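Listing of data_37.pdb, PDB, C-alpha atoms
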ATOM      1  CA  MET A   1     -41.487 132.817 -55.005
ATOM      2  CA  LYS A   2     -42.293 135.400 -52.409
ATOM      3  CA  ILE A   3     -45.915 135.342 -51.145
ATOM      4  CA  PRO A   4     -47.461 138.825 -50.975
ATOM      5  CA  PRO A   5     -48.317 140.076 -47.434
ATOM      6  CA  LEU A   6     -51.932 140.582 -48.482
ATOM      7  CA  PHE A   7     -52.253 136.880 -49.320
ATOM      8  CA  HIS A   8     -50.868 136.001 -45.886
ATOM      9  CA  PHE A   9     -53.547 138.211 -44.359
ATOM     10  CA  GLU A  10     -56.346 136.565 -46.386
ATOM     11  CA  LEU A  11     -55.148 133.085 -45.408
ATOM     12  CA  LYS A  12     -55.153 134.053 -41.744
ATOM     13  CA  ALA A  13     -58.616 135.615 -42.091
ATOM     14  CA  LEU A  14     -59.980 132.507 -43.819
ATOM     15  CA  SER A  15     -58.433 130.253 -41.167
ATOM     16  CA  ALA A  16     -59.980 132.363 -38.413
ATOM     17  CA  ARG A  17     -63.389 132.215 -40.096
ATOM     18  CA  LEU A  18     -63.192 128.437 -40.465
ATOM     19  CA  THR A  19     -62.178 128.019 -36.829
ATOM     20  CA  LEU A  20     -65.090 130.201 -35.732
ATOM     21  CA  LEU A  21     -67.542 128.354 -37.970
ATOM     22  CA  SER A  22     -66.318 125.000 -36.645
ATOM     23  CA  ALA A  23     -66.783 126.127 -33.057
ATOM     24  CA  MET A  24     -70.259 127.498 -33.837
ATOM     25  CA  ALA A  25     -71.279 124.288 -35.606
ATOM     26  CA  SER A  26     -70.084 122.128 -32.710
ATOM     27  CA  LEU A  27     -71.966 124.305 -30.227
ATOM     28  CA  LEU A  28     -75.162 124.241 -32.287
ATOM     29  CA  VAL A  29     -75.043 120.451 -32.606
ATOM     30  CA  VAL A  30     -74.714 120.147 -28.823
ATOM     31  CA  LEU A  31     -77.579 122.587 -28.265
ATOM     32  CA  VAL A  32     -79.948 121.035 -30.804
ATOM     33  CA  ALA A  33     -79.237 117.349 -30.199
ATOM     34  CA  PRO A  34     -81.602 116.062 -27.472
ATOM     35  CA  VAL A  35     -80.422 113.675 -24.782
ATOM     36  CA  HIS A  36     -81.883 110.246 -25.489
ATOM     37  CA  ALA A  37     -81.769 106.948 -23.639
ATOM     38  CA  ASP A  38     -83.396 103.569 -24.169
ATOM     39  CA  MET A  39     -86.589 102.963 -22.196
ATOM     40  CA  GLN A  40     -87.048  99.518 -20.691
ATOM     41  CA  VAL A  41     -90.661  98.506 -20.093
ATOM     42  CA  THR A  42     -90.991  95.597 -17.650
ATOM     43  CA  PHE A  43     -94.296  93.798 -17.128
ATOM     44  CA  MET A  44     -95.393  93.682 -13.481
ATOM     45  CA  GLY A  45     -98.513  91.548 -13.931
ATOM     46  CA  ASN A  46    -102.020  92.344 -15.161
ATOM     47  CA  ASN A  47    -101.777  95.973 -16.357
ATOM     48  CA  GLY A  48     -98.689  96.984 -14.398
ATOM     49  CA  VAL A  49     -95.368  98.153 -15.827
ATOM     50  CA  LEU A  50     -92.043  99.456 -14.572
ATOM     51  CA  LEU A  51     -90.410 102.062 -16.813
ATOM     52  CA  SER A  52     -86.655 102.646 -16.627
ATOM     53  CA  ALA A  53     -84.642 105.175 -18.646
ATOM     54  CA  GLY A  54     -81.578 107.269 -17.980
ATOM     55  CA  GLY A  55     -81.297 106.000 -14.415
ATOM     56  CA  LYS A  56     -84.927 107.009 -13.633
ATOM     57  CA  LYS A  57     -87.805 104.660 -12.761
ATOM     58  CA  VAL A  58     -91.600 105.020 -12.793
ATOM     59  CA  LEU A  59     -94.127 102.389 -11.718
ATOM     60  CA  VAL A  60     -97.707 102.138 -13.033
ATOM     61  CA  ASP A  61    -100.486  99.863 -11.714
ATOM     62  CA  ALA A  62     -98.054  97.408 -10.103
ATOM     63  CA  LEU A  63     -98.824  97.895  -6.391
ATOM     64  CA  GLN A  64    -101.632  95.335  -6.153
ATOM     65  CA  LEU A  65    -102.213  92.437  -3.799
ATOM     66  CA  HIS A  66    -105.038  90.649  -5.585
ATOM     67  CA  ASN A  67    -105.157  86.837  -5.536
ATOM     68  CA  ASN A  68    -107.641  86.610  -8.377
ATOM     69  CA  SER A  69    -106.498  83.850 -10.717
ATOM     70  CA  PHE A  70    -108.504  85.589 -13.435
ATOM     71  CA  TRP A  71    -105.566  88.010 -13.948
ATOM     72  CA  THR A  72    -101.795  87.620 -14.225
ATOM     73  CA  ARG A  73     -99.718  88.896 -11.292
ATOM     74  CA  LEU A  74     -96.251  89.097  -9.787
ATOM     75  CA  SER A  75     -95.002  86.193  -7.719
ATOM     76  CA  SER A  76     -95.134  86.747  -3.957
ATOM     77  CA  PRO A  77     -91.325  87.033  -3.618
ATOM     78  CA  ASP A  78     -91.150  89.603  -6.423
ATOM     79  CA  LEU A  79     -94.013  91.563  -4.881
ATOM     80  CA  GLN A  80     -92.207  91.607  -1.550
ATOM     81  CA  ASP A  81     -89.049  92.886  -3.228
ATOM     82  CA  LEU A  82     -91.114  95.539  -4.992
ATOM     83  CA  VAL A  83     -92.780  96.974  -1.898
ATOM     84  CA  ARG A  84     -89.485  96.847   0.008
ATOM     85  CA  GLY A  85     -87.622  98.659  -2.771
ATOM     86  CA  ILE A  86     -85.075  95.903  -3.394
ATOM     87  CA  ALA A  87     -83.195  95.934  -6.724
ATOM     88  CA  PRO A  88     -84.222  95.961  -9.485
ATOM     89  CA  PHE A  89     -87.201  97.717  -7.889
ATOM     90  CA  ASP A  90     -85.115 100.319  -6.059
ATOM     91  CA  ASN A  91     -84.957 104.096  -6.544
ATOM     92  CA  ILE A  92     -88.456 104.394  -8.015
ATOM     93  CA  ALA A  93     -89.293 108.082  -8.294
ATOM     94  CA  TYR A  94     -93.052 107.819  -8.917
ATOM     95  CA  ALA A  95     -95.638 105.085  -8.350
ATOM     96  CA  LEU A  96     -98.871 105.687 -10.259
ATOM     97  CA  ALA A  97    -102.267 103.990 -10.035
ATOM     98  CA  THR A  98    -104.828 104.380 -12.790
ATOM     99  CA  HIS A  99    -107.914 103.599 -10.702
ATOM    100  CA  ASN A 100    -109.319 102.041  -7.541
ATOM    101  CA  HIS A 101    -109.736  98.398  -8.587
ATOM    102  CA  PRO A 102    -107.850  95.651  -6.704
ATOM    103  CA  ASP A 103    -106.096  94.332  -9.808
ATOM    104  CA  HIS A 104    -104.541  97.796 -10.275
ATOM    105  CA  TYR A 105    -104.185  99.237  -6.774
ATOM    106  CA  ALA A 106    -104.023  97.953  -3.207
ATOM    107  CA  ARG A 107    -103.906 100.281  -0.235
ATOM    108  CA  GLY A 108    -101.694  97.956   1.793
ATOM    109  CA  ALA A 109     -99.140  97.509  -0.989
ATOM    110  CA  VAL A 110     -98.948 101.265  -1.601
ATOM    111  CA  GLY A 111     -98.603 102.033   2.116
ATOM    112  CA  THR A 112     -95.783  99.521   2.563
ATOM    113  CA  PHE A 113     -94.043 100.705  -0.593
ATOM    114  CA  LEU A 114     -94.115 104.366   0.458
ATOM    115  CA  ALA A 115     -92.866 103.537   3.954
ATOM    116  CA  ASN A 116     -89.892 101.688   2.468
ATOM    117  CA  ASN A 117     -89.268 104.274  -0.259
ATOM    118  CA  PRO A 118     -89.458 107.687   1.465
ATOM    119  CA  ASP A 119     -88.258 109.572  -1.632
ATOM    120  CA  ALA A 120     -90.946 108.123  -3.894
ATOM    121  CA  LYS A 121     -94.140 109.996  -4.772
ATOM    122  CA  PHE A 122     -97.554 108.404  -5.348
ATOM    123  CA  LEU A 123    -100.441 109.502  -7.541
ATOM    124  CA  GLY A 124    -103.876 108.133  -8.334
ATOM    125  CA  PRO A 125    -107.373 109.509  -8.952
ATOM    126  CA  PRO A 126    -109.266 111.083  -6.026
ATOM    127  CA  GLN A 127    -111.027 107.767  -5.310
ATOM    128  CA  VAL A 128    -107.608 106.124  -4.878
ATOM    129  CA  LEU A 129    -106.236 108.904  -2.672
ATOM    130  CA  SER A 130    -109.381 108.798  -0.552
ATOM    131  CA  SER A 131    -108.857 105.063  -0.018
ATOM    132  CA  LEU A 132    -105.194 105.596   0.854
ATOM    133  CA  GLY A 133    -105.895 108.409   3.306
ATOM    134  CA  PRO A 134    -103.715 111.483   3.979
ATOM    135  CA  HIS A 135    -100.098 110.815   3.089
ATOM    136  CA  SER A 136     -97.148 113.179   2.726
ATOM    137  CA  GLN A 137     -95.855 111.321  -0.356
ATOM    138  CA  ALA A 138     -99.185 111.450  -2.212
ATOM    139  CA  LEU A 139     -99.716 114.065  -4.923
ATOM    140  CA  ASN A 140    -103.104 115.745  -5.155
ATOM    141  CA  ILE A 141    -103.578 116.127  -8.911
ATOM    142  CA  ALA A 142    -107.002 115.861 -10.522
ATOM    143  CA  PRO A 143    -107.531 117.037 -14.131
ATOM    144  CA  ALA A 144    -111.058 117.756 -15.339
ATOM    145  CA  PHE A 145    -112.816 114.813 -16.978
ATOM    146  CA  GLN A 146    -111.939 114.435 -20.706
ATOM    147  CA  THR A 147    -111.048 118.127 -21.141
ATOM    148  CA  GLU A 148    -107.912 118.896 -19.137
ATOM    149  CA  SER A 149    -104.465 117.483 -18.513
ATOM    150  CA  ILE A 150    -101.975 118.329 -15.756
ATOM    151  CA  GLN A 151     -98.192 117.981 -15.999
ATOM    152  CA  PHE A 152     -95.622 117.369 -13.288
ATOM    153  CA  GLY A 153     -92.279 115.646 -12.839
ATOM    154  CA  GLU A 154     -88.598 116.286 -12.256
ATOM    155  CA  PRO A 155     -85.416 116.350 -14.373
ATOM    156  CA  GLY A 156     -85.481 113.252 -16.560
ATOM    157  CA  ILE A 157     -89.178 112.475 -15.956
ATOM    158  CA  GLU A 158     -92.227 114.258 -17.380
ATOM    159  CA  ILE A 159     -95.705 112.964 -16.545
ATOM    160  CA  GLU A 160     -98.972 114.254 -17.995
ATOM    161  CA  VAL A 161    -102.222 113.110 -16.369
ATOM    162  CA  PHE A 162    -105.617 112.718 -18.074
ATOM    163  CA  HIS A 163    -108.985 111.735 -16.565
ATOM    164  CA  MET A 164    -110.844 109.371 -18.912
ATOM    165  CA  GLU A 165    -113.884 107.124 -18.838
ATOM    166  CA  HIS A 166    -113.432 103.518 -17.658
ATOM    167  CA  PHE A 167    -114.696 100.708 -19.901
ATOM    168  CA  ASP A 168    -117.649  98.469 -18.970
ATOM    169  CA  GLN A 169    -117.071  94.692 -19.053
ATOM    170  CA  PHE A 170    -118.823  91.441 -18.140
ATOM    171  CA  GLY A 171    -122.106  93.220 -17.442
ATOM    172  CA  ASN A 172    -120.564  95.601 -14.887
ATOM    173  CA  ASP A 173    -121.267  99.319 -14.882
ATOM    174  CA  PHE A 174    -117.936 101.060 -14.242
ATOM    175  CA  SER A 175    -119.096 104.510 -15.311
ATOM    176  CA  GLY A 176    -118.541 105.859 -11.791
ATOM    177  CA  VAL A 177    -114.914 104.689 -11.618
ATOM    178  CA  GLN A 178    -112.338 107.456 -12.012
ATOM    179  CA  ASP A 179    -109.694 106.266 -14.470
ATOM    180  CA  PHE A 180    -106.408 108.131 -15.023
ATOM    181  CA  THR A 181    -104.273 107.836 -18.143
ATOM    182  CA  TYR A 182    -100.581 108.761 -17.930
ATOM    183  CA  LEU A 183     -98.256 110.039 -20.646
ATOM    184  CA  ILE A 184     -94.737 109.422 -19.319
ATOM    185  CA  THR A 185     -91.665 110.836 -21.056
ATOM    186  CA  MET A 186     -88.193 109.643 -20.031
ATOM    187  CA  GLY A 187     -84.919 109.846 -21.913
ATOM    188  CA  GLY A 188     -86.667 111.460 -24.858
ATOM    189  CA  LEU A 189     -89.114 108.536 -25.233
ATOM    190  CA  SER A 190     -92.823 108.696 -24.437
ATOM    191  CA  LEU A 191     -95.223 105.984 -23.290
ATOM    192  CA  LEU A 192     -98.982 106.363 -22.852
ATOM    193  CA  HIS A 193    -100.479 104.063 -20.216
ATOM    194  CA  LEU A 194    -104.241 103.952 -20.703
ATOM    195  CA  GLY A 195    -105.298 102.167 -17.529
ATOM    196  CA  ASP A 196    -108.760 100.675 -18.113
ATOM    197  CA  VAL A 197    -109.797 103.289 -20.650
ATOM    198  CA  ASP A 198    -112.944 103.013 -22.741
ATOM    199  CA  TYR A 199    -112.129 103.159 -26.440
ATOM    200  CA  ILE A 200    -114.332 106.110 -27.318
ATOM    201  CA  ASN A 201    -113.287 109.222 -29.216
ATOM    202  CA  GLU A 202    -114.438 111.483 -26.383
ATOM    203  CA  ASN A 203    -111.601 110.202 -24.203
ATOM    204  CA  PHE A 204    -108.936 111.326 -26.665
ATOM    205  CA  GLU A 205    -110.120 113.964 -29.101
ATOM    206  CA  ASN A 206    -109.325 117.009 -26.937
ATOM    207  CA  PHE A 207    -105.643 116.167 -26.580
ATOM    208  CA  ASP A 208    -104.306 115.729 -30.150
ATOM    209  CA  PHE A 209    -102.203 112.689 -29.281
ATOM    210  CA  PRO A 210    -101.122 111.967 -32.909
ATOM    211  CA  SER A 211     -99.157 115.221 -33.026
ATOM    212  CA  ARG A 212     -97.229 114.175 -29.904
ATOM    213  CA  GLN A 213     -95.567 111.290 -31.788
ATOM    214  CA  ILE A 214     -95.971 108.848 -28.907
ATOM    215  CA  ASP A 215     -93.446 106.017 -28.936
ATOM    216  CA  ALA A 216     -95.558 103.334 -27.222
ATOM    217  CA  VAL A 217     -98.984 102.786 -25.715
ATOM    218  CA  VAL A 218     -99.986 100.179 -23.111
ATOM    219  CA  LEU A 219    -103.456  98.845 -23.956
ATOM    220  CA  PRO A 220    -105.890  96.744 -21.950
ATOM    221  CA  THR A 221    -106.688  93.906 -24.370
ATOM    222  CA  PHE A 222    -109.235  91.262 -23.468
ATOM    223  CA  ASN A 223    -112.802  90.198 -24.098
ATOM    224  CA  THR A 224    -114.885  92.819 -25.979
ATOM    225  CA  LEU A 225    -112.025  95.336 -25.926
ATOM    226  CA  LEU A 226    -110.605  93.519 -28.952
ATOM    227  CA  THR A 227    -112.608  94.902 -31.854
ATOM    228  CA  GLU A 228    -111.753  96.501 -35.161
ATOM    229  CA  ALA A 229    -113.646  99.634 -34.077
ATOM    230  CA  ASN A 230    -111.524  99.941 -30.919
ATOM    231  CA  LYS A 231    -108.381  99.406 -32.964
ATOM    232  CA  GLN A 232    -109.335 102.280 -35.241
ATOM    233  CA  VAL A 233    -109.819 104.550 -32.237
ATOM    234  CA  ILE A 234    -106.253 103.735 -31.115
ATOM    235  CA  LEU A 235    -104.784 104.276 -34.580
ATOM    236  CA  ASN A 236    -106.730 107.456 -35.314
ATOM    237  CA  GLN A 237    -106.698 109.090 -31.896
ATOM    238  CA  ILE A 238    -103.183 108.093 -30.718
ATOM    239  CA  ASN A 239    -101.193 106.681 -33.665
ATOM    240  CA  PRO A 240     -98.382 105.240 -31.504
ATOM    241  CA  ARG A 241     -95.093 103.955 -32.883
ATOM    242  CA  HIS A 242     -95.472 100.719 -30.911
ATOM    243  CA  ILE A 243     -98.345  98.893 -29.200
ATOM    244  CA  ILE A 244     -97.903  96.962 -25.941
ATOM    245  CA  ALA A 245    -100.820  94.680 -25.088
ATOM    246  CA  ALA A 246    -101.474  93.913 -21.404
ATOM    247  CA  HIS A 247    -104.333  93.015 -19.040
ATOM    248  CA  LEU A 248    -104.881  89.559 -20.546
ATOM    249  CA  ARG A 249    -106.845  86.886 -18.695
ATOM    250  CA  ALA A 250    -104.512  84.441 -16.955
ATOM    251  CA  GLY A 251    -106.788  81.424 -17.363
ATOM    252  CA  SER A 252    -106.838  81.595 -21.159
ATOM    253  CA  LEU A 253    -103.538  83.175 -22.167
ATOM    254  CA  PRO A 254    -102.936  81.215 -25.417
ATOM    255  CA  GLN A 255    -106.341  82.195 -26.799
ATOM    256  CA  GLU A 256    -106.028  85.756 -25.471
ATOM    257  CA  GLU A 257    -102.616  86.128 -27.105
ATOM    258  CA  ALA A 258    -103.945  84.779 -30.407
ATOM    259  CA  ASN A 259    -106.868  87.207 -30.278
ATOM    260  CA  VAL A 260    -104.532  90.149 -29.727
ATOM    261  CA  ARG A 261    -102.133  89.004 -32.438
ATOM    262  CA  ALA A 262    -104.967  88.790 -34.973
ATOM    263  CA  LEU A 263    -105.875  92.432 -34.368
ATOM    264  CA  TYR A 264    -102.419  93.880 -33.635
ATOM    265  CA  PRO A 265     -99.936  91.635 -35.510
ATOM    266  CA  TYR A 266     -96.855  93.673 -34.600
ATOM    267  CA  ALA A 267     -97.678  94.349 -30.958
ATOM    268  CA  THR A 268     -95.615  93.313 -27.957
ATOM    269  CA  ILE A 269     -97.875  91.086 -25.849
ATOM    270  CA  PHE A 270     -97.144  90.845 -22.140
ATOM    271  CA  THR A 271     -98.273  87.509 -20.693
ATOM    272  CA  GLN A 272     -95.673  86.602 -18.041
ATOM    273  CA  ALA A 273     -94.601  88.871 -15.183
ATOM    274  CA  LEU A 274     -91.147  90.405 -15.640
ATOM    275  CA  ASP A 275     -91.262  90.099 -19.426
ATOM    276  CA  SER A 276     -89.729  93.256 -20.866
ATOM    277  CA  ILE A 277     -89.177  95.258 -24.020
ATOM    278  CA  THR A 278     -86.600  97.966 -24.712
ATOM    279  CA  LEU A 279     -87.785 100.968 -26.701
ATOM    280  CA  LYS A 280     -85.115 102.646 -28.828
ATOM    281  CA  PRO A 281     -85.007 106.351 -29.680
ATOM    282  CA  VAL A 282     -85.784 107.393 -33.240
ATOM    283  CA  PRO A 283     -82.810 109.315 -34.747
ATOM    284  CA  GLU A 284     -83.500 113.034 -34.768
ATOM    285  CA  PRO A 285     -83.197 114.521 -38.285
ATOM    286  CA  ASN A 286     -82.488 118.009 -36.875
ATOM    287  CA  THR A 287     -78.968 117.083 -35.828
ATOM    288  CA  LEU A 288     -78.172 115.349 -39.103
ATOM    289  CA  ILE A 289     -79.350 118.314 -41.149
ATOM    290  CA  LEU A 290     -77.500 120.740 -38.906
ATOM    291  CA  CYS A 291     -74.271 118.754 -39.279
ATOM    292  CA  ALA A 292     -74.701 118.757 -43.061
ATOM    293  CA  ALA A 293     -75.284 122.501 -43.026
ATOM    294  CA  ALA A 294     -72.242 123.033 -40.838
ATOM    295  CA  SER A 295     -70.120 120.926 -43.173
ATOM    296  CA  PHE A 296     -71.314 122.979 -46.106
ATOM    297  CA  LEU A 297     -70.409 126.169 -44.276
ATOM    298  CA  LEU A 298     -66.961 124.863 -43.491
ATOM    299  CA  ALA A 299     -66.400 123.670 -47.035
ATOM    300  CA  SER A 300     -67.582 126.854 -48.678
ATOM    301  CA  GLY A 301     -65.915 129.405 -46.421
ATOM    302  CA  LYS A 302     -67.807 132.116 -48.289
ATOM    303  CA  ARG A 303     -68.439 135.497 -46.781
ATOM    304  CA  GLY A 304     -71.914 136.786 -46.156
ATOM    305  CA  ARG A 305     -73.646 133.394 -46.470
ATOM    306  CA  HIS A 306     -76.149 132.401 -43.755
ATOM    307  CA  ILE A 307     -77.860 129.000 -43.789
ATOM    308  CA  PHE A 308     -80.827 128.139 -41.603
ATOM    309  CA  ALA A 309     -81.713 124.470 -41.177
ATOM    310  CA  SER A 310     -85.108 123.148 -40.163
ATOM    311  CA  ALA A 311     -86.678 119.721 -40.209
ATOM    312  CA  THR A 312     -89.843 117.826 -39.485
ATOM    313  CA  HIS A 313     -90.061 114.523 -37.590
ATOM    314  CA  PRO A 314     -91.330 111.859 -40.004
ATOM    315  CA  ARG A 315     -92.764 108.715 -38.453
TER     316      ARG A 315
END
Just give me the structure as structure tokens.
Amino acid sequence: MKIPPLFHFELKALSARLTLLSAMASLLVVLVAPVHADMQVTFMGNNGVLLSAGGKKVLVDALQLHNNSFWTRLSSPDLQDLVRGIAPFDNIAYALATHNHPDHYARGAVGTFLANNPDAKFLGPPQVLSSLGPHSQALNIAPAFQTESIQFGEPGIEIEVFHMEHFDQFGNDFSGVQDFTYLITMGGLSLLHLGDVDYINENFENFDFPSRQIDAVVLPTFNTLLTEANKQVILNQINPRHIIAAHLRAGSLPQEEANVRALYPYATIFTQALDSITLKPVPEPNTLILCAAASFLLASGKRGRHIFASATHPR
């Protein structure tokens, strides 16, 4: 049977439309799908962590030289490798300090680290920078107390800085200590490092952290910080996907760990230096819905039909 020329034309037109739709769908999937990578969080003693994702590295509260047996710490050989920039502590882009206490920051360790890592940048509160002295690798960033945040970074690393109130412990008044909190996003994953934050609503309520869908938070967890009221502040004001407990007392780790586990049963608890956890990206529904819409377009092949896909990000 001879096929009419008009039918040939319609087949060619339909084939052209399908080819175009396929190319458009592939392009849209590439444009919408974010680039994700696992984030490895390595414990560096006390409240320090090393974050690694997508070939990028950020250090928080790990450049300390304290010999206080009250807190956990890196071994001397590991600390020497850290300040010298020897693998796996090489190619660190940013070293951050939350505040000017010796179990979080040491001027000598920071100075040696920066000298051995000339491409690295350092940031801490004004009290930390004043202790360090003028330095070309130091960043002068100081958000207003409890009301402002400041963002900086580079491709693959986004850091948002907040100035929050330090907690009081063991009868000490730390109200005059400048404490920075850092929200670090790498490879599509976000981690909030609280430093020695006081668990009060005023520290968090201006920043709408729950809407940011934070993947993990590093909490100081010892002594009177472990209360149901403090837990509710974390859940209500941050609502993280995962809790990482740090800053435990070295002399009573089994009891400290049990205390944390009773309050946060599903938390990761860092007790030994160089322990680590790998955070995995949550699948993005946008791409899945877009692929389904594209498949529907390709299957239907109907003229004049336009489909717009949107999605939320359920937790």
Residue by residue, what does the PyMOL selection byres ((chain A and resi 159) around 8) grab here? Present the result as a PyMOL selection string. chain A and resi 151-153+157-158+160-161+182-185
(-96.3, 110.0, 1.1) in this file's frame - what residues fall within 12 Å of it? Use all atoms listed in the file and give the answer as a ChimeraX atom specification. /A:93-95,110-123,129,132-140
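Using only C-alpha atoms, the residues found no farther than 7 Å from range 230-235 of chain A, other than those of its own chain fewer than 6 positions away, are A:Tyr199, A:Ile200, A:Asn201.
Atom pair CA of Asn239 in chain A / CA of Asp275 in chain A: separated by 24.0 Å.
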Using only C-alpha atoms, find each residue in range 117-225 of chain A having at least one atom no more than 9 Å away from range 254-269 of chain A; report its shortest atom-to-atom pair and that distance in Å (one decimal), rows by chain then rising number, as a Markdown table.
| residue | atom | partner | partner_atom | distance |
| --- | --- | --- | --- | --- |
| A:Thr221 | CA | A:Val260 | CA | 6.9 |
| A:Phe222 | CA | A:Glu256 | CA | 6.7 |
| A:Asn223 | CA | A:Glu256 | CA | 8.2 |
For those residues, write C-alpha atoms to a file as a PDB file, keeping the file's coordinate frame.
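As a result, result-v1.pdb now contains:
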ATOM      1  CA  THR A 221    -106.688  93.906 -24.370  1.00  0.00           C
ATOM      2  CA  PHE A 222    -109.235  91.262 -23.468  1.00  0.00           C
ATOM      3  CA  ASN A 223    -112.802  90.198 -24.098  1.00  0.00           C
TER       4      ASN A 223
END
By how many Å are CA of Ala144 in chain A and CA of Met164 in chain A apart?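 These atoms are spaced 9.1 Å apart.
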Near range 210-219 of chain A, within 6 Å and counting only C-alpha atoms, which residues show up once chain neighbours fewer than 3 positions away are dropped, as a PyMOL selection string? chain A and resi 190-193+238-246
Which polymer residues, whether protein, DNA or RNA, lie within 10 Å of the coordinate (-113.3, 93.3, -24.9) when you count all atoms listed in the file? List them as a PDB file with C-alpha atoms, keeping the file's coordinate frame, using the chain letters and numbers from the file.
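selection-v1.pdb written:
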ATOM      1  CA  PHE A 167    -114.696 100.708 -19.901  1.00  0.00           C
ATOM      2  CA  ASP A 168    -117.649  98.469 -18.970  1.00  0.00           C
ATOM      3  CA  GLN A 169    -117.071  94.692 -19.053  1.00  0.00           C
ATOM      4  CA  PHE A 170    -118.823  91.441 -18.140  1.00  0.00           C
ATOM      5  CA  ASP A 198    -112.944 103.013 -22.741  1.00  0.00           C
ATOM      6  CA  PRO A 220    -105.890  96.744 -21.950  1.00  0.00           C
ATOM      7  CA  THR A 221    -106.688  93.906 -24.370  1.00  0.00           C
ATOM      8  CA  PHE A 222    -109.235  91.262 -23.468  1.00  0.00           C
ATOM      9  CA  ASN A 223    -112.802  90.198 -24.098  1.00  0.00           C
ATOM     10  CA  THR A 224    -114.885  92.819 -25.979  1.00  0.00           C
ATOM     11  CA  LEU A 225    -112.025  95.336 -25.926  1.00  0.00           C
ATOM     12  CA  LEU A 226    -110.605  93.519 -28.952  1.00  0.00           C
ATOM     13  CA  THR A 227    -112.608  94.902 -31.854  1.00  0.00           C
ATOM     14  CA  ASN A 230    -111.524  99.941 -30.919  1.00  0.00           C
TER      15      ASN A 230
END
So for range 109-125 of chain A, what box centre and size do we get, axis-aligned, 3 Å extra on each of the six sides, every listed atom, Å to one decimal, as JSON?
{"center_x": -97.8, "center_y": 103.8, "center_z": -2.5, "size_x": 25.1, "size_y": 18.5, "size_z": 18.9}
Please write as a list in words the full residue list that the PyMOL selection byres ((chain A and resi 55) around 10) yields on this file.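 With the PyMOL selection byres ((chain A and resi 55) around 10) on this model, the match is Ala37, Met39, Ser52, Ala53, Gly54, Lys56, Lys57, Asn91, Ile92, Gly156, Met186 and Gly187 of chain A.
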Expand the PyMOL selection byres ((chain A and resi 65) around 10) into the explicit residue set it covers here, and present it as a ChimeraX atom specification. /A:62-64,66-68,73-74,76,79,102-110
Residues just named, written with C-alpha atoms as a short mmCIF file (atom, residue, chain, number, x, y, z; two decimals), keeping the file's coordinate frame:
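This went into part.cif:
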data_model
loop_
_atom_site.label_atom_id
_atom_site.label_comp_id
_atom_site.auth_asym_id
_atom_site.auth_seq_id
_atom_site.Cartn_x
_atom_site.Cartn_y
_atom_site.Cartn_z
CA ALA A 62 -98.05 97.41 -10.10
CA LEU A 63 -98.82 97.90 -6.39
CA GLN A 64 -101.63 95.34 -6.15
CA HIS A 66 -105.04 90.65 -5.58
CA ASN A 67 -105.16 86.84 -5.54
CA ASN A 68 -107.64 86.61 -8.38
CA ARG A 73 -99.72 88.90 -11.29
CA LEU A 74 -96.25 89.10 -9.79
CA SER A 76 -95.13 86.75 -3.96
CA LEU A 79 -94.01 91.56 -4.88
CA PRO A 102 -107.85 95.65 -6.70
CA ASP A 103 -106.10 94.33 -9.81
CA HIS A 104 -104.54 97.80 -10.28
CA TYR A 105 -104.18 99.24 -6.77
CA ALA A 106 -104.02 97.95 -3.21
CA ARG A 107 -103.91 100.28 -0.24
CA GLY A 108 -101.69 97.96 1.79
CA ALA A 109 -99.14 97.51 -0.99
CA VAL A 110 -98.95 101.26 -1.60
#
One-decimal distance in Å that lies between CA of Leu59 in chain A and CA of Gln80 in chain A: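 Distance reported for this atom pair: 14.9 Å.
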With all atoms listed in the file as the counted atoms, please give the residues lying no more than 6 Å from Gly124 in chain A, apart from itself and same-chain residues fewer than 5 positions off, as a ChimeraX atom specification. /A:96-98
Could you tell me which of A:Asp173, A:Glu154, A:Glu148, A:Asp61 comes closest to Thr42 in chain A if we count all atoms listed in the file?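 Ranking A:Asp173, A:Glu154, A:Glu148, A:Asp61 by distance to Thr42 in chain A, first place goes to A:Asp61.
Closest approach to Gln40 in chain A from the set A:Val58, A:Pro155, A:Ser130, A:Asn172 is made by A:Val58, with distances taken over only C-alpha atoms.
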Which residue gives the smallest distance to Leu253 in chain A among A:Phe70, A:Phe43, A:Phe89, A:Phe209, with all atoms listed in the file counted? A:Phe70
As a ChimeraX atom specification, please: the residues near Glu165 in chain A (cut-off 12 Å, all atoms listed in the file, same-chain neighbours under 2 positions excluded). /A:98-99,144-147,162-163,167-168,173-181,194-204
